[in-house]
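Structure file query_8.tsv; described as TSV, C-alpha atoms.
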```
chain	number	residue	atom	x	y	z
A	1	MET	CA	95.79	86.02	84.78
A	2	GLU	CA	99.33	87.03	83.90
A	3	ILE	CA	101.31	90.20	83.46
A	4	SER	CA	104.85	90.74	82.28
A	5	PHE	CA	107.34	92.36	84.64
A	6	ARG	CA	107.78	95.31	82.28
A	7	ASP	CA	104.02	95.80	82.04
A	8	LEU	CA	103.79	95.76	85.82
A	9	MET	CA	106.54	98.36	86.21
A	10	THR	CA	104.91	100.54	83.53
A	11	VAL	CA	101.60	100.36	85.38
A	12	LEU	CA	103.35	101.22	88.65
A	13	HIS	CA	105.06	104.21	87.01
A	14	GLY	CA	101.97	105.50	85.22
A	15	MET	CA	99.09	104.56	87.47
A	16	GLY	CA	100.76	103.96	90.80
A	17	PHE	CA	102.80	107.15	90.86
A	18	GLY	CA	101.76	109.42	87.98
A	19	ALA	CA	97.98	109.05	88.08
A	20	LEU	CA	97.86	109.11	91.88
A	21	PHE	CA	99.91	112.31	91.81
A	22	MET	CA	97.44	113.86	89.34
A	23	LEU	CA	94.45	112.73	91.37
A	24	ALA	CA	95.94	114.39	94.44
A	25	PHE	CA	96.13	117.77	92.69
A	26	SER	CA	92.49	118.78	92.97
A	27	GLY	CA	92.50	118.15	96.72
A	28	ALA	CA	95.79	119.96	97.23
A	29	LEU	CA	94.81	123.01	95.19
A	30	ALA	CA	91.39	123.30	96.81
A	31	GLU	CA	92.78	122.90	100.32
A	32	PHE	CA	95.72	125.23	99.71
A	33	TYR	CA	93.38	127.87	98.29
A	34	ARG	CA	90.93	127.44	101.17
A	35	MET	CA	93.64	127.82	103.79
A	36	SER	CA	95.51	130.67	102.17
A	37	ALA	CA	92.76	132.75	100.55
A	38	PRO	CA	92.63	136.31	101.90
A	39	GLY	CA	89.74	136.86	104.29
A	40	THR	CA	89.44	133.20	105.19
A	41	PRO	CA	86.78	133.30	107.93
A	42	VAL	CA	88.17	130.47	110.04
A	43	GLN	CA	91.87	129.91	110.63
A	44	PRO	CA	92.82	126.29	109.97
A	45	SER	CA	93.72	124.31	113.04
A	46	ALA	CA	97.24	123.00	113.62
A	47	ARG	CA	95.93	119.53	112.82
A	48	GLU	CA	94.54	120.69	109.45
A	49	GLN	CA	97.81	122.42	108.63
A	50	ASN	CA	99.81	119.32	109.50
A	51	LEU	CA	97.50	117.20	107.40
A	52	LEU	CA	98.05	119.44	104.36
A	53	LYS	CA	101.83	119.37	104.95
A	54	LEU	CA	101.69	115.58	105.01
A	55	TYR	CA	99.48	115.53	101.90
A	56	LEU	CA	101.85	117.83	99.98
A	57	SER	CA	104.87	115.80	101.13
A	58	ALA	CA	103.21	112.63	99.82
A	59	MET	CA	102.63	114.39	96.50
A	60	VAL	CA	106.30	115.37	96.33
A	61	ILE	CA	107.32	111.74	96.91
A	62	LEU	CA	104.86	110.56	94.23
A	63	ALA	CA	106.14	113.15	91.74
A	64	TRP	CA	109.77	112.14	92.22
A	65	ALA	CA	108.89	108.45	92.16
A	66	ALA	CA	107.02	108.93	88.86
A	67	VAL	CA	109.88	110.69	87.05
A	68	LEU	CA	112.65	108.52	88.48
A	69	SER	CA	110.86	105.24	87.74
A	70	GLY	CA	110.02	106.55	84.27
A	71	ALA	CA	113.56	107.66	83.42
A	72	TYR	CA	115.51	104.83	84.99
A	73	ILE	CA	113.22	101.78	84.77
A	74	VAL	CA	110.69	102.17	81.94
A	75	TYR	CA	112.52	104.51	79.53
A	76	PRO	CA	115.55	102.20	79.01
A	77	TRP	CA	113.12	99.44	77.89
A	78	TYR	CA	111.32	101.91	75.63
A	79	ARG	CA	114.52	103.08	73.87
A	80	ALA	CA	116.32	99.71	73.73
A	81	VAL	CA	118.03	99.19	70.39
A	82	PRO	CA	116.98	96.04	68.51
A	83	PRO	CA	119.76	93.69	67.34
A	84	THR	CA	120.62	93.94	63.65
A	85	GLY	CA	118.17	92.02	61.49
A	86	THR	CA	115.29	92.15	63.98
A	87	THR	CA	111.99	92.27	62.10
A	88	ASP	CA	109.59	91.96	65.03
A	89	LEU	CA	109.88	95.31	66.84
A	90	THR	CA	107.18	94.71	69.44
A	91	GLU	CA	109.77	94.63	72.24
A	92	TYR	CA	111.44	97.82	70.98
A	93	PRO	CA	108.72	100.51	71.29
A	94	LYS	CA	110.78	103.50	70.11
A	95	PHE	CA	111.84	101.70	66.95
A	96	LEU	CA	108.36	100.31	66.43
A	97	LEU	CA	106.95	103.85	66.47
A	98	THR	CA	109.66	105.40	64.30
A	99	SER	CA	109.42	102.59	61.74
A	100	SER	CA	106.20	104.05	60.37
A	101	PRO	CA	105.44	107.64	59.28
A	102	HIS	CA	101.97	107.12	60.73
A	103	THR	CA	103.30	106.63	64.26
A	104	SER	CA	106.72	108.31	64.33
A	105	SER	CA	105.37	111.57	65.79
A	106	TRP	CA	104.21	109.69	68.87
A	107	HIS	CA	107.94	109.42	69.57
A	108	SER	CA	109.32	112.66	68.12
A	109	LEU	CA	106.63	114.82	69.71
A	110	GLY	CA	105.01	112.69	72.42
A	111	MET	CA	107.91	110.92	74.07
A	112	GLU	CA	110.46	113.68	73.48
A	113	TRP	CA	108.18	116.23	75.17
A	114	LYS	CA	107.00	113.90	77.91
A	115	GLU	CA	110.46	112.74	78.96
A	116	HIS	CA	111.53	116.33	79.69
A	117	VAL	CA	108.43	118.30	80.67
A	118	ALA	CA	107.48	115.77	83.36
A	119	TRP	CA	110.49	116.86	85.44
A	120	LEU	CA	108.98	120.32	85.95
A	121	ALA	CA	106.34	118.75	88.21
A	122	PRO	CA	108.56	117.46	91.05
A	123	ILE	CA	110.65	120.65	91.01
A	124	ALA	CA	107.52	122.81	91.25
A	125	MET	CA	105.78	120.59	93.84
A	126	THR	CA	108.86	120.45	96.07
A	127	MET	CA	108.84	124.25	96.11
A	128	VAL	CA	105.08	124.36	96.80
A	129	ALA	CA	105.38	121.91	99.71
A	130	TYR	CA	108.38	123.77	101.15
A	131	VAL	CA	106.70	127.18	101.01
A	132	PHE	CA	103.54	125.86	102.65
A	133	ALA	CA	105.56	124.09	105.35
A	134	LYS	CA	107.52	127.28	105.99
A	135	TYR	CA	104.66	129.81	105.97
A	136	GLY	CA	101.44	127.89	106.50
A	137	PRO	CA	98.31	130.06	106.52
A	138	ALA	CA	100.58	133.09	107.09
A	139	ILE	CA	101.08	133.01	103.33
A	140	THR	CA	97.89	135.12	103.14
A	141	LYS	CA	100.10	138.01	104.22
A	142	HIS	CA	102.33	137.41	101.17
A	143	ARG	CA	99.95	137.81	98.24
A	144	GLN	CA	102.64	137.60	95.53
A	145	MET	CA	104.09	134.47	97.06
A	146	ARG	CA	100.66	132.86	97.15
A	147	ILE	CA	100.18	133.69	93.45
A	148	ALA	CA	103.55	132.13	92.60
A	149	VAL	CA	102.87	128.98	94.59
A	150	LEU	CA	99.44	128.45	93.02
A	151	SER	CA	100.82	129.17	89.53
A	152	PHE	CA	103.66	126.68	89.90
A	153	ALA	CA	101.22	124.10	91.27
A	154	VAL	CA	99.03	124.58	88.18
A	155	ALA	CA	102.13	124.34	85.94
A	156	ALA	CA	103.05	121.07	87.65
A	157	PHE	CA	99.51	119.80	87.05
A	158	VAL	CA	99.67	120.69	83.34
A	159	ALA	CA	103.14	119.16	82.94
A	160	THR	CA	101.93	115.96	84.58
A	161	GLY	CA	98.86	115.97	82.36
A	162	VAL	CA	101.02	116.25	79.23
A	163	ALA	CA	103.33	113.49	80.42
A	164	GLY	CA	100.51	111.24	81.57
A	165	GLY	CA	98.39	111.80	78.47
A	166	PHE	CA	101.21	111.03	76.06
A	167	GLY	CA	102.28	108.14	78.25
A	168	ALA	CA	98.84	106.57	77.93
A	169	PHE	CA	98.79	107.00	74.14
A	170	LEU	CA	102.34	105.74	73.73
A	171	ASN	CA	101.45	102.67	75.72
A	172	LYS	CA	98.50	102.12	73.38
A	173	TYR	CA	100.53	102.26	70.18
A	174	ALA	CA	103.79	100.75	71.41
A	175	PRO	CA	103.50	99.18	74.85
A	176	VAL	CA	106.60	98.31	76.81
A	177	ARG	CA	106.48	94.54	76.91
A	178	GLY	CA	108.73	91.68	77.91
A	179	GLY	CA	110.57	90.39	80.93
A	180	SER	CA	109.52	87.56	83.15
A	181	THR	CA	105.86	86.63	83.41
A	182	ILE	CA	104.09	87.13	86.71
A	183	THR	CA	101.04	84.99	87.34
A	184	ILE	CA	98.44	86.91	89.32
A	185	ILE	CA	95.65	84.32	89.27
A	186	SER	CA	96.21	80.82	88.01
A	187	SER	CA	93.20	79.23	86.35
A	188	GLU	CA	92.21	75.74	87.41
A	189	GLN	CA	90.78	75.12	83.94
A	190	GLU	CA	93.78	75.67	81.68
A	191	GLY	CA	92.50	75.81	78.11
A	192	GLY	CA	88.99	75.15	79.39
A	193	GLU	CA	85.61	76.52	78.33
Q	1	MET	CA	97.36	132.07	118.30
Q	2	SER	CA	100.03	129.42	118.66
Q	3	ILE	CA	103.76	130.15	118.87
Q	4	SER	CA	104.36	128.49	115.50
Q	5	GLN	CA	101.72	130.69	113.88
Q	6	ARG	CA	103.20	133.82	115.40
Q	7	SER	CA	106.67	132.95	114.16
Q	8	SER	CA	105.44	132.17	110.63
Q	9	ASP	CA	103.41	135.42	110.58
Q	10	ALA	CA	106.60	137.34	111.26
Q	11	LEU	CA	108.60	135.52	108.59
Q	12	PRO	CA	110.07	137.72	105.89
Q	13	ASN	CA	109.41	136.64	102.31
Q	14	GLY	CA	113.10	135.90	101.52
Q	15	PRO	CA	113.08	132.12	102.10
Q	16	GLY	CA	109.89	131.68	100.07
Q	17	ALA	CA	111.18	133.93	97.30
Q	18	ALA	CA	114.41	131.93	97.17
Q	19	ALA	CA	112.46	128.67	96.74
Q	20	ILE	CA	110.24	130.19	94.03
Q	21	LEU	CA	113.07	131.75	92.00
Q	22	ALA	CA	115.16	128.58	92.34
Q	23	ALA	CA	112.25	126.52	90.96
Q	24	GLY	CA	112.18	128.88	87.98
Q	25	ILE	CA	115.95	128.56	87.52
Q	26	GLY	CA	115.73	124.74	87.71
Q	27	SER	CA	112.93	124.72	85.11
Q	28	ALA	CA	114.88	126.94	82.72
Q	29	ALA	CA	118.04	124.86	83.24
Q	30	LEU	CA	116.04	121.76	82.30
Q	31	GLY	CA	114.90	123.41	79.08
Q	32	VAL	CA	118.34	124.73	78.14
Q	33	PHE	CA	120.02	121.37	78.83
Q	34	ALA	CA	117.30	119.49	76.91
Q	35	LEU	CA	117.83	121.76	73.90
Q	36	THR	CA	121.65	121.53	73.93
Q	37	ASN	CA	121.45	117.77	74.45
Q	38	ASP	CA	119.24	117.52	71.37
Q	39	ALA	CA	121.29	119.93	69.25
Q	40	PHE	CA	124.87	118.84	69.88
Q	41	PRO	CA	126.03	115.20	69.74
Q	42	ALA	CA	129.07	116.02	71.91
Q	43	ILE	CA	126.83	117.42	74.65
Q	44	ASN	CA	124.57	114.39	74.31
Q	45	ARG	CA	127.60	112.17	74.96
Q	46	PHE	CA	128.57	114.33	77.94
Q	47	PHE	CA	125.04	114.10	79.37
Q	48	THR	CA	124.93	110.32	79.05
Q	49	PHE	CA	125.54	109.64	82.74
Q	50	TYR	CA	123.65	106.34	82.58
Q	51	THR	CA	123.82	104.62	79.19
Q	52	PRO	CA	120.41	102.87	79.20
Q	53	THR	CA	118.68	106.23	79.80
Q	54	GLY	CA	120.99	108.17	77.45
Q	55	GLY	CA	121.30	111.95	77.50
Q	56	LEU	CA	118.11	112.34	79.57
Q	57	SER	CA	120.01	111.11	82.63
Q	58	GLY	CA	122.53	113.95	82.46
Q	59	VAL	CA	120.03	116.60	81.37
Q	60	THR	CA	117.78	115.99	84.36
Q	61	THR	CA	120.52	115.31	86.92
Q	62	THR	CA	122.38	118.49	85.97
Q	63	ALA	CA	119.17	120.54	86.02
Q	64	ILE	CA	118.42	119.23	89.52
Q	65	VAL	CA	121.95	120.13	90.65
Q	66	VAL	CA	121.55	123.67	89.23
Q	67	TRP	CA	118.15	123.99	90.96
Q	68	VAL	CA	119.46	122.83	94.35
Q	69	ILE	CA	122.56	125.04	94.18
Q	70	ALA	CA	120.46	128.05	93.13
Q	71	TRP	CA	118.06	127.39	96.01
Q	72	PHE	CA	120.92	127.04	98.51
Q	73	VAL	CA	122.65	130.23	97.35
Q	74	LEU	CA	119.45	132.31	97.21
Q	75	ALA	CA	118.22	130.97	100.56
Q	76	ARG	CA	121.48	132.01	102.23
Q	77	ARG	CA	121.46	135.39	100.53
Q	78	TRP	CA	117.81	136.19	101.29
Q	79	SER	CA	117.56	134.55	104.70
Q	80	GLY	CA	115.79	136.95	107.06
Q	81	GLN	CA	115.26	139.51	104.29
Q	82	THR	CA	112.24	140.94	102.58
Q	83	VAL	CA	112.69	141.09	98.82
Q	84	ALA	CA	110.70	142.62	95.95
Q	85	MET	CA	108.38	139.67	95.45
Q	86	ALA	CA	106.72	141.00	92.29
Q	87	LYS	CA	110.11	141.08	90.55
Q	88	VAL	CA	110.97	137.62	91.84
Q	89	ASN	CA	107.64	136.31	90.55
Q	90	LEU	CA	108.16	137.88	87.14
Q	91	ALA	CA	111.63	136.34	86.86
Q	92	ALA	CA	110.37	132.95	88.07
Q	93	PHE	CA	107.45	132.92	85.61
Q	94	VAL	CA	109.71	133.90	82.69
Q	95	LEU	CA	112.17	131.16	83.64
Q	96	LEU	CA	109.34	128.63	83.99
Q	97	GLY	CA	108.11	129.69	80.55
Q	98	VAL	CA	111.60	129.20	79.12
Q	99	GLY	CA	111.67	125.71	80.64
Q	100	VAL	CA	108.28	124.78	79.20
Q	101	LEU	CA	109.07	126.20	75.73
Q	102	LEU	CA	112.52	124.63	75.42
Q	103	THR	CA	111.22	121.19	76.32
Q	104	PHE	CA	108.56	121.41	73.58
Q	105	PRO	CA	109.98	119.57	70.52
Q	106	PRO	CA	108.57	121.91	67.81
Q	107	VAL	CA	110.26	124.88	69.55
Q	108	MET	CA	113.49	122.88	69.89
Q	109	ASP	CA	113.34	122.11	66.16
Q	110	LEU	CA	112.54	125.73	65.28
Q	111	ILE	CA	115.58	127.00	67.21
Q	112	GLN	CA	117.77	124.40	65.54
Q	113	GLY	CA	116.40	125.32	62.11
Q	114	ARG	CA	115.04	121.83	61.41
```

Show me this structure written as structure tokens.
Amino acid sequence: MEISFRDLMTVLHGMGFGALFMLAFSGALAEFYRMSAPGTPVQPSAREQNLLKLYLSAMVILAWAAVLSGAYIVYPWYRAVPPTGTTDLTEYPKFLLTSSPHTSSWHSLGMEWKEHVAWLAPIAMTMVAYVFAKYGPAITKHRQMRIAVLSFAVAAFVATGVAGGFGAFLNKYAPVRGGSTITIISSEQEGGE
Amino acid sequence: MSISQRSSDALPNGPGAAAILAAGIGSAALGVFALTNDAFPAINRFFTFYTPTGGLSGVTTTAIVVWVIAWFVLARRWSGQTVAMAKVNLAAFVLLGVGVLLTFPPVMDLIQGR
């Protein structure tokens, strides 16, 4: 079982950081709502508050890791310019997509939107984590602030969904390939049954 | 009630409002820089801080700088103050909307008359 280095980094960017960040959203939103909803019957304990702070901090780290790894590791491979005369564009995803009118919109709409909109998520989540760390359950006394925090959290979720969704499709039509090969499991029966 | 709870209960909304409005400003800055980067080749060259990533490197780095500076300035200005949160929210939501719209390629193309 083998994987190329670029494939591995793409998986780390998309699944390791991006998808994990998205998965964390439902828990964060539910817990944030539970703790900050007006008329909450039981005040969360200090331990519960600290746990949510830690959870939100982890989400902030994941969000930044996703956009930074995307922009500075995966994206340069995606947009690499093929040498003149190259006919096999499989290692040049952007040019592979734009070479056909049937796939060019995956770049002009998908990648061009994804590469920018994704950055709204770490900005919004950093704010959400900061406000919760600063106010905790006392945010119930600031209704407007609670509305803003939840709205920005939802915006971050949508932005991540757009980026992740297009990322998955782009990787279907023009995967980022190449680099050294990493052997995960070596078969004892090379070319066997 | 713990001491930390008491102190957070008494907190004015200024620091939170500063963080929220700054997030809106950062989002709008991202959209504006993305649009100008796409529309003007000279700005694209200026935003190319890291050649392999192209203009995206400058667009996002500059937007982050604007966001952090806005947050710092607003936090200092509104520290210990209570501000009109409904107005702050409205401004933040409009700015977030600007950021979302200006990063959407069909809107970028429409503005540029493509």

When the cut-off is 8 Å and we count all atoms listed in the file, which residues of chain Q are near chain A, given as JSON, numbers by chain?
-> {"Q": [5, 8, 9, 11, 13, 16, 17, 19, 20, 23, 26, 27, 30, 31, 34, 52, 53, 56, 57, 60, 85, 86, 89, 100, 103, 104, 105, 106]}

Would you save the residues of that selection, restricted to C-alpha atoms, as a compact mmCIF listing (two decimals), in the frame of the given file?
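New file result-v9.txt:
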```txt
# COMPACT_ATOMS: atom_id res chain seq x y z
CA GLN Q 5 101.72 130.69 113.88
CA SER Q 8 105.44 132.17 110.63
CA ASP Q 9 103.41 135.42 110.58
CA LEU Q 11 108.60 135.52 108.59
CA ASN Q 13 109.41 136.64 102.31
CA GLY Q 16 109.89 131.68 100.07
CA ALA Q 17 111.18 133.93 97.30
CA ALA Q 19 112.46 128.67 96.74
CA ILE Q 20 110.24 130.19 94.03
CA ALA Q 23 112.25 126.52 90.96
CA GLY Q 26 115.73 124.74 87.71
CA SER Q 27 112.93 124.72 85.11
CA LEU Q 30 116.04 121.76 82.30
CA GLY Q 31 114.90 123.41 79.08
CA ALA Q 34 117.30 119.49 76.91
CA PRO Q 52 120.41 102.87 79.20
CA THR Q 53 118.68 106.23 79.80
CA LEU Q 56 118.11 112.34 79.57
CA SER Q 57 120.01 111.11 82.63
CA THR Q 60 117.78 115.99 84.36
CA MET Q 85 108.38 139.67 95.45
CA ALA Q 86 106.72 141.00 92.29
CA ASN Q 89 107.64 136.31 90.55
CA VAL Q 100 108.28 124.78 79.20
CA THR Q 103 111.22 121.19 76.32
CA PHE Q 104 108.56 121.41 73.58
CA PRO Q 105 109.98 119.57 70.52
CA PRO Q 106 108.57 121.91 67.81
```

Mind listing whatever residues come within 7 Å of the point (105.6, 96.0, 80.0)? Use all atoms listed in the file, file coordinates, and give them as a PyMOL selection string.
-> chain A and resi 4-10+175-178

Any chance you could export the current selection's C-alpha atoms as a PDB file, keeping the file's coordinate frame?
```
ATOM      1  CA  SER A   4     104.850  90.740  82.280  1.00  0.00           C
ATOM      2  CA  PHE A   5     107.340  92.360  84.640  1.00  0.00           C
ATOM      3  CA  ARG A   6     107.780  95.310  82.280  1.00  0.00           C
ATOM      4  CA  ASP A   7     104.020  95.800  82.040  1.00  0.00           C
ATOM      5  CA  LEU A   8     103.790  95.760  85.820  1.00  0.00           C
ATOM      6  CA  MET A   9     106.540  98.360  86.210  1.00  0.00           C
ATOM      7  CA  THR A  10     104.910 100.540  83.530  1.00  0.00           C
ATOM      8  CA  PRO A 175     103.500  99.180  74.850  1.00  0.00           C
ATOM      9  CA  VAL A 176     106.600  98.310  76.810  1.00  0.00           C
ATOM     10  CA  ARG A 177     106.480  94.540  76.910  1.00  0.00           C
ATOM     11  CA  GLY A 178     108.730  91.680  77.910  1.00  0.00           C
TER      12      GLY A 178
END
```

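Between atom CA of A:Arg47 and atom CA of A:Arg34 lies a distance of 14.9 Å.
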
Among the residues A:Tyr173, A:Leu52, A:Ile182, A:Ser100, the one that comes closest to A:Phe25 [using all atoms listed in the file] =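 For A:Phe25, the nearest of the given residues is A:Leu52.
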
Who sits within 6 Å of Q:Gly24, only C-alpha atoms, same chain under 5 positions skipped, as a ChimeraX atom specification = /Q:92,95-96

Students should find that atom CA of Q:Ile25 and atom CA of Q:Val73 are spaced 12.0 Å

Interatomic distance between atom CA of Q:Val88 and atom CA of Q:Ala28?
-> 14.6 Å

Taking the partial coordinates given, rebuild stretch 122-148 of chain A to contain N, CA and C atoms; return it as a compact mmCIF listing (two decimals), in the coordinates of the input.
```
# COMPACT_ATOMS: atom_id res chain seq x y z
N PRO A 122 107.97 117.63 89.70
CA PRO A 122 108.56 117.46 91.05
C PRO A 122 109.32 118.69 91.54
N ILE A 123 109.94 119.42 90.60
CA ILE A 123 110.65 120.65 91.01
C ILE A 123 109.63 121.65 91.57
N ALA A 124 108.53 121.84 90.82
CA ALA A 124 107.52 122.81 91.25
C ALA A 124 106.84 122.35 92.55
N MET A 125 106.49 121.07 92.65
CA MET A 125 105.78 120.59 93.84
C MET A 125 106.64 120.61 95.08
N THR A 126 107.95 120.38 94.91
CA THR A 126 108.86 120.45 96.07
C THR A 126 108.86 121.88 96.62
N MET A 127 108.88 122.84 95.69
CA MET A 127 108.84 124.25 96.11
C MET A 127 107.51 124.55 96.81
N VAL A 128 106.40 124.09 96.23
CA VAL A 128 105.08 124.36 96.80
C VAL A 128 105.00 123.79 98.22
N ALA A 129 105.45 122.56 98.40
CA ALA A 129 105.38 121.91 99.71
C ALA A 129 106.28 122.64 100.71
N TYR A 130 107.46 123.06 100.26
CA TYR A 130 108.38 123.77 101.15
C TYR A 130 107.78 125.10 101.62
N VAL A 131 107.25 125.86 100.66
CA VAL A 131 106.70 127.18 101.01
C VAL A 131 105.53 127.03 101.97
N PHE A 132 104.66 126.02 101.73
CA PHE A 132 103.54 125.86 102.65
C PHE A 132 104.04 125.43 104.03
N ALA A 133 105.02 124.54 104.06
CA ALA A 133 105.56 124.09 105.35
C ALA A 133 106.19 125.25 106.11
N LYS A 134 106.81 126.15 105.37
CA LYS A 134 107.52 127.28 105.99
C LYS A 134 106.54 128.36 106.49
N TYR A 135 105.53 128.66 105.66
CA TYR A 135 104.66 129.81 105.97
C TYR A 135 103.29 129.42 106.50
N GLY A 136 102.78 128.27 106.07
CA GLY A 136 101.44 127.89 106.50
C GLY A 136 100.41 128.92 106.08
N PRO A 137 99.35 129.08 106.88
CA PRO A 137 98.31 130.06 106.52
C PRO A 137 98.83 131.50 106.50
N ALA A 138 100.00 131.74 107.10
CA ALA A 138 100.58 133.09 107.09
C ALA A 138 100.90 133.55 105.68
N ILE A 139 100.82 132.64 104.72
CA ILE A 139 101.08 133.01 103.33
C ILE A 139 100.04 134.03 102.83
N THR A 140 98.91 134.11 103.53
CA THR A 140 97.89 135.12 103.14
C THR A 140 98.47 136.53 103.22
N LYS A 141 99.47 136.68 104.08
CA LYS A 141 100.10 138.01 104.22
C LYS A 141 101.10 138.27 103.09
N HIS A 142 101.37 137.27 102.29
CA HIS A 142 102.33 137.41 101.17
C HIS A 142 101.59 137.08 99.87
N ARG A 143 100.82 138.06 99.39
CA ARG A 143 99.95 137.81 98.24
C ARG A 143 100.73 137.32 97.02
N GLN A 144 101.85 137.98 96.72
CA GLN A 144 102.64 137.60 95.53
C GLN A 144 103.17 136.17 95.65
N MET A 145 103.57 135.82 96.85
CA MET A 145 104.09 134.47 97.06
C MET A 145 102.99 133.42 96.85
N ARG A 146 101.80 133.77 97.32
CA ARG A 146 100.66 132.86 97.15
C ARG A 146 100.34 132.68 95.66
N ILE A 147 100.42 133.77 94.90
CA ILE A 147 100.18 133.69 93.45
C ILE A 147 101.21 132.77 92.80
N ALA A 148 102.48 132.95 93.18
CA ALA A 148 103.55 132.13 92.60
C ALA A 148 103.36 130.65 92.92
```
